[in-house]
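Q: Dropping a structure here in structure tokens format, bear with me for questions.
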Amino acid sequence: MVIATSSTLPSGETAFQWLWFDRAALAAAACIVVGLLLCRKEALDFPTTVSWALMGWAAVQAVIGLRQVFGFEASGHALYALTGSFFNPGPYAGYLAMALPVCLHEYLRQADWRRYAAGGVGLLLLCVLPATMSRSAYFAAGVSCLWVYGCHAGWGNRLRKAWRERRRRCLLVAGGVFFAFCLAGAALFYLKPDSARGRLFMWKITARAVAEKPWTGYGPGSFPAAYGEAQAAYFAAGDYAEWEERVAGSPEYAFNEYLQAAVVMGVPIAIVGLIGVFICIFAAWRKGRFGILGALVSLGIFSCSSYPFQLPVFLVTGVCLLAACLMGKGRKAWWAVALLAVAVGLARLSYDRGRVEACRDWPNARTLYHAGAYALAEEAYERLYPQLKDRTPFLFEYGHGLHKQGKYKESNRMLRIAARHSCDPMIWNIRGKNYQAMGAYGQAEECFLRAAHLLPGRIYPYYLLAKLYASPGYRHPEKLEEMKRLVRSKKPKVPSTAVRQMREEVEELE
């Protein structure tokens with residue numbers, strides 16, 4: 001799914017991956033049915049199929065990564081040299097980390113050529129994984145590989161025996177291991193400290209969002225808006241540290257799948273989902289499927305500080321791993337896989353085909369938008385809206401184009417929809433400018449203040465508030481002086497000509 005890309009779509013767009021999945025699911029179902037009809041013998045073991053498929057594609061990704069490291073292939077992102085077929089190195093590292101314990105398991109349990117094949121793939125992954133600089137993937141790979149090795153070495157029985165016979169020594173060893181983990185955690189924290197602080201702050205705000213609606217959640221696709229509400233309320237209260245203002249952002253994901261599930265679905269449903277996963281894990285443990293179990297452990301740990309399930313390949317791979325915990329060699333299991341593949345492929349095919357076509361047409365509309373041909377762009381955006389009405393960049397461009405044409409009410413209607421899918425303060429800035437142009441100064445002030453509270457480190461909302469307070473229809477001299485002070489004193493992350501011009505302009509306001 002990751003390698004399935006279309007040159008006509010923007011980099012990082014996953015719509016074509018879902019369309020490819022629909023077609024591949026139908027093709028796979030046909031192959032399974034033909035195989036079952038022609039072969040009356042025992043079917044291939046499903047967990048083995050999943051394991052070797054995962055190792056095979058991980059090996060392909062490792063080769064792509066090595067080619068990128070040595071400059072033979074372009075990465076998927078202009079800012080990173082190593083991404084594999086992914087858009088950035090984080091999910092790429094998580095995918096490699098998920099396959100590594102499977103390689104270890106197959107190496108430890110096989111005795112023929114498959115042992116050397118699994119060991120070779122594992123070494124290939126170890127050549128690439130350190131270069132990704134992903135702390136989450138390092139930790140996930142390390143813990144899951146220790147888990148797999150411990151299962152094969154019988155560490156559980158040895159620990160129980162040691163606890164009965166040498167309890168004091170066990171406590172000392174446990175303390176040493178805990179101290180080593182603390183040191184490793186500190187080292188990983190200071191590898192990229194601001195990035196780590198940003199994650200901690202994100203989790204803090206996400207937890208506040210969960211506390212607002214713990215039972216029902218906010219609904220599918222609602223995380224950015226719920227996060228934005230919680231972050232704006234937190235900064236509006238004024239009791240925050242300087243570093244929190246510096247690391248705050250407008251994330252699409254919580255960088256913790258468990259917290260994000262609690263925000264979207266509510267705590268009870270999230271807990272039920274986790275219980276279902278643990279049932280599958282226990283089944284894999286009972287059946288000795290330590291490779292599948294190791295991959296799930298790696299994925300679970302990686303999910304604590306990243307967003308794997310927001311990408312199609314991790315979602316499908318996770319479902320396959322859970323199925324591999326329960327299924328075996330039975331022909332009935334393969335018939336179930338075939339029927340499920342047909343159902344899913346047919347159910348999604350039409351929708352995903354239309355989605356891909358809309359994503360292909362969107363760059364043409366965007367060209368008109370950037371060229372200033374807003375009337376022509378509006379026609380294109382109106383035609384694409386049914387397929388792309390949940391895409392924040394699309395909705396913002398549509399609403400901003402309407403703003404540029406002076407269609408302020410229509411612009412605000414579109415930007416209100418965009419605000420349900422995003423916590424970008426620019427949405428509120430444009431809404432405030434629309435209200436100001438319509439003479440609704442109180443509503444304009446609310447929008448500008450919302451933008452300022454979302455990201456208090458940004459200068460632009462204070463600049464807009466200063467201009468609002470200086471306007472003849474809404475003069476507030478005291479508030480104007482306060483905004484001028486903030487525009488002067490706020491330190492931008494990146495000094496620019498725009499910041500200098502805003503500061504010069506507010507000094508002239510009276």
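Following the order of the structure tokens, chains are lettered A, B, ..., residues in each are numbered from 1, and ligands are numbered from 1.
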When you look at Phe394 of chain A with a cut-off of 9 Å (counting only C-alpha atoms), what residues show up, excluding the ones that are within fewer than 4 positions of it in the same chain? I need them as an MDAnalysis selection string.

A: chainID A and resid 362 366 381 385 388:390 398:399 418

Q: Those same residues, written as a short mmCIF file (atom, residue, chain, number, x, y, z; two decimals), in the first residue's frame with N, CA, C and O atoms?

A:
data_model
loop_
_atom_site.label_atom_id
_atom_site.label_comp_id
_atom_site.auth_asym_id
_atom_site.auth_seq_id
_atom_site.Cartn_x
_atom_site.Cartn_y
_atom_site.Cartn_z
N TRP A 362 -7.87 18.59 -7.76
CA TRP A 362 -7.63 19.65 -6.77
C TRP A 362 -6.41 20.52 -7.12
O TRP A 362 -6.50 21.76 -7.02
N ARG A 366 -6.24 24.56 -7.26
CA ARG A 366 -5.28 25.27 -6.41
C ARG A 366 -4.42 26.22 -7.24
O ARG A 366 -4.06 27.31 -6.77
N TYR A 381 -13.74 24.51 -6.90
CA TYR A 381 -13.88 24.05 -5.53
C TYR A 381 -15.30 23.59 -5.23
O TYR A 381 -15.51 22.60 -4.51
N TYR A 385 -16.17 19.86 -3.81
CA TYR A 385 -16.53 19.89 -2.39
C TYR A 385 -17.14 18.58 -1.87
O TYR A 385 -16.76 18.12 -0.78
N LEU A 388 -14.25 16.23 -1.07
CA LEU A 388 -13.14 16.72 -0.25
C LEU A 388 -13.61 17.59 0.91
O LEU A 388 -12.83 18.39 1.45
N LYS A 389 -14.84 17.41 1.34
CA LYS A 389 -15.40 18.29 2.37
C LYS A 389 -14.85 18.04 3.76
O LYS A 389 -15.20 18.77 4.70
N ASP A 390 -13.97 17.03 3.91
CA ASP A 390 -13.33 16.80 5.20
C ASP A 390 -11.85 17.14 5.18
O ASP A 390 -11.14 16.86 6.14
N TYR A 398 -10.86 27.15 -0.19
CA TYR A 398 -12.20 27.52 -0.67
C TYR A 398 -12.72 28.75 0.07
O TYR A 398 -13.17 29.73 -0.55
N GLY A 399 -12.62 28.72 1.40
CA GLY A 399 -13.11 29.84 2.20
C GLY A 399 -12.30 31.11 1.99
O GLY A 399 -12.85 32.21 1.93
N ALA A 418 -14.43 24.17 8.09
CA ALA A 418 -12.99 23.87 8.21
C ALA A 418 -12.58 23.80 9.68
O ALA A 418 -11.73 22.97 10.05
#

Q: Counting only C-alpha atoms, what is within 10 Å of Gln260 of chain A, bar same-chain residues fewer than 3 positions away, as a list in words?

A: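 My reading of the contact set: Trp203, Thr206, Ala207, Ala209, Val210, Gly217, Ser222, Phe223, Pro224, Tyr227, Tyr253, Ala254, Phe255, Asn256, Glu257, Val263, Val264, Met265, Gly266, Ala270 and Tyr307 of chain A.
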
Q: May I have the residues within 12 Å of Tyr374 of chain A as a list in words, using only C-alpha atoms and disregarding those fewer than 2 positions away in the same chain?

A: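 Neighbouring residues, sequence-local ones excluded: Ala365, Arg366, Thr367, Leu368, Tyr369, His370, Ala371, Gly372, Leu376, Ala377, Glu378, Glu379, Ala380, Tyr381, Glu382, Glu397, Tyr398, Gly399, His400, Gly401, Leu402, His403, Lys404, Gln405, Gly406 and Lys407 of chain A.
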
Q: Considering only C-alpha atoms, return as a short mmCIF file (atom, residue, chain, number, x, y, z; two decimals) with N, CA and C atoms, in the first residue's frame whatever protein or nucleic-acid residues lie within 12 Å of Leu339 of chain A, sequence-local ones (same chain, fewer than 2 positions apart) excluded.

A:
data_model
loop_
_atom_site.label_atom_id
_atom_site.label_comp_id
_atom_site.auth_asym_id
_atom_site.auth_seq_id
_atom_site.Cartn_x
_atom_site.Cartn_y
_atom_site.Cartn_z
N ALA A 25 -7.64 -6.13 -2.74
CA ALA A 25 -8.49 -7.01 -1.92
C ALA A 25 -9.33 -7.92 -2.82
N LEU A 26 -9.89 -7.36 -3.89
CA LEU A 26 -10.68 -8.17 -4.81
C LEU A 26 -9.81 -9.20 -5.53
N ALA A 27 -8.62 -8.78 -5.96
CA ALA A 27 -7.71 -9.71 -6.63
C ALA A 27 -7.26 -10.82 -5.68
N ALA A 28 -6.94 -10.43 -4.43
CA ALA A 28 -6.51 -11.42 -3.44
C ALA A 28 -7.62 -12.42 -3.15
N ALA A 29 -8.85 -11.92 -3.06
CA ALA A 29 -9.98 -12.83 -2.80
C ALA A 29 -10.13 -13.84 -3.93
N ALA A 30 -9.97 -13.38 -5.16
CA ALA A 30 -10.06 -14.29 -6.31
C ALA A 30 -8.96 -15.34 -6.25
N CYS A 31 -7.75 -14.92 -5.92
CA CYS A 31 -6.62 -15.87 -5.82
C CYS A 31 -6.85 -16.89 -4.72
N ILE A 32 -7.37 -16.45 -3.58
CA ILE A 32 -7.62 -17.37 -2.46
C ILE A 32 -8.67 -18.40 -2.85
N VAL A 33 -9.74 -17.94 -3.51
CA VAL A 33 -10.81 -18.85 -3.90
C VAL A 33 -10.29 -19.89 -4.90
N LYS A 332 -11.58 -22.95 6.45
CA LYS A 332 -12.69 -22.04 6.76
C LYS A 332 -12.16 -20.62 7.03
N ALA A 333 -11.01 -20.54 7.68
CA ALA A 333 -10.43 -19.22 7.96
C ALA A 333 -10.10 -18.49 6.66
N TRP A 334 -9.55 -19.23 5.68
CA TRP A 334 -9.22 -18.59 4.40
C TRP A 334 -10.47 -18.20 3.62
N TRP A 335 -11.53 -19.02 3.71
CA TRP A 335 -12.80 -18.62 3.09
C TRP A 335 -13.33 -17.34 3.73
N ALA A 336 -13.17 -17.22 5.04
CA ALA A 336 -13.61 -16.00 5.73
C ALA A 336 -12.81 -14.79 5.26
N VAL A 337 -11.49 -14.98 5.08
CA VAL A 337 -10.65 -13.88 4.60
C VAL A 337 -11.09 -13.45 3.21
N ALA A 341 -12.55 -9.83 2.26
CA ALA A 341 -11.84 -9.01 1.27
C ALA A 341 -12.79 -8.53 0.18
N VAL A 342 -13.66 -9.42 -0.30
CA VAL A 342 -14.64 -9.03 -1.32
C VAL A 342 -15.58 -7.96 -0.79
N ALA A 343 -16.08 -8.15 0.43
CA ALA A 343 -17.03 -7.20 1.01
C ALA A 343 -16.40 -5.82 1.17
N VAL A 344 -15.19 -5.79 1.73
CA VAL A 344 -14.53 -4.50 1.96
C VAL A 344 -14.16 -3.84 0.64
N GLY A 345 -13.62 -4.62 -0.31
CA GLY A 345 -13.21 -4.05 -1.60
C GLY A 345 -14.38 -3.46 -2.36
N LEU A 346 -15.50 -4.19 -2.42
CA LEU A 346 -16.67 -3.69 -3.14
C LEU A 346 -17.30 -2.49 -2.44
#

Q: Using atom CA of Glu504 of chain A and atom CA of Arg488 of chain A as the two end points, give the distance in Å to one decimal.

A: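 That distance, rounded to one decimal, is 9.2 Å.
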
Q: Near Glu229 of chain A, counting only C-alpha atoms, which residues have an atom at most 10 Å away, once you skip same-chain residues fewer than 4 positions from it, shown as a VMD selection string?

A: chain A and resid 205 208 to 209 223 to 225 233 to 234 423 450 453 to 454

Q: Would you mind reading off the distance between atom CA of Gln387 of chain A and atom CA of Gln17 of chain A, one decimal, in Å?

A: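 These atoms are spaced 16.3 Å apart.
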
Q: Leaving out Ser303 of chain A and any residue of its chain fewer than 6 positions from it, which residues lie within 10 Å of it when counting only C-alpha atoms, given as a VMD selection string?

A: chain A and resid 94 136 to 137 140 255 to 259 297 309

Q: Restricted to N, CA and C atoms, what would the selected residues look like written as a JSON list (two decimals), in the first residue's frame?

A:
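The new file again_19.json reads:
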[["chain", "number", "residue", "atom", "x", "y", "z"],
["A", 94, "GLY", "N", 8.71, 3.33, 12.32],
["A", 94, "GLY", "CA", 7.76, 2.47, 13.02],
["A", 94, "GLY", "C", 7.45, 1.20, 12.25],
["A", 136, "SER", "N", 10.89, 6.83, 19.23],
["A", 136, "SER", "CA", 9.76, 5.92, 19.45],
["A", 136, "SER", "C", 10.03, 4.56, 18.83],
["A", 137, "ALA", "N", 10.58, 4.57, 17.61],
["A", 137, "ALA", "CA", 10.87, 3.31, 16.92],
["A", 137, "ALA", "C", 12.00, 2.55, 17.61],
["A", 140, "ALA", "N", 10.42, 0.94, 20.67],
["A", 140, "ALA", "CA", 9.49, -0.12, 20.29],
["A", 140, "ALA", "C", 10.25, -1.35, 19.80],
["A", 255, "PHE", "N", -0.40, 12.19, 18.50],
["A", 255, "PHE", "CA", 0.88, 11.50, 18.68],
["A", 255, "PHE", "C", 0.79, 10.53, 19.87],
["A", 256, "ASN", "N", -0.39, 10.02, 20.08],
["A", 256, "ASN", "CA", -0.66, 8.95, 21.04],
["A", 256, "ASN", "C", -2.03, 8.39, 20.66],
["A", 257, "GLU", "N", -2.02, 7.20, 20.07],
["A", 257, "GLU", "CA", -3.26, 6.65, 19.52],
["A", 257, "GLU", "C", -4.29, 6.34, 20.61],
["A", 258, "TYR", "N", -3.83, 6.05, 21.81],
["A", 258, "TYR", "CA", -4.76, 5.71, 22.90],
["A", 258, "TYR", "C", -5.51, 6.97, 23.36],
["A", 259, "LEU", "N", -4.77, 8.07, 23.50],
["A", 259, "LEU", "CA", -5.43, 9.33, 23.87],
["A", 259, "LEU", "C", -6.35, 9.81, 22.75],
["A", 297, "VAL", "N", 3.34, -5.89, 19.91],
["A", 297, "VAL", "CA", 3.95, -5.15, 21.02],
["A", 297, "VAL", "C", 4.69, -3.92, 20.49],
["A", 309, "PHE", "N", -1.94, 4.65, 13.18],
["A", 309, "PHE", "CA", -3.24, 4.25, 12.68],
["A", 309, "PHE", "C", -3.96, 5.35, 11.90]]

Q: Atom CA of Thr132 of chain A and atom CA of Ser11 of chain A are how many Å apart?

A: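 Computed distance, atom CA of Thr132 of chain A to atom CA of Ser11 of chain A, equals 19.2 Å.
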
Q: In terms of the shortest atom-to-atom distance over only C-alpha atoms, which of A:Tyr351, A:Phe70, A:Phe278, A:Tyr408 is closest to Asp22 of chain A?

A: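 Residue with the minimum atom-to-atom distance to Asp22 of chain A: A:Tyr351.
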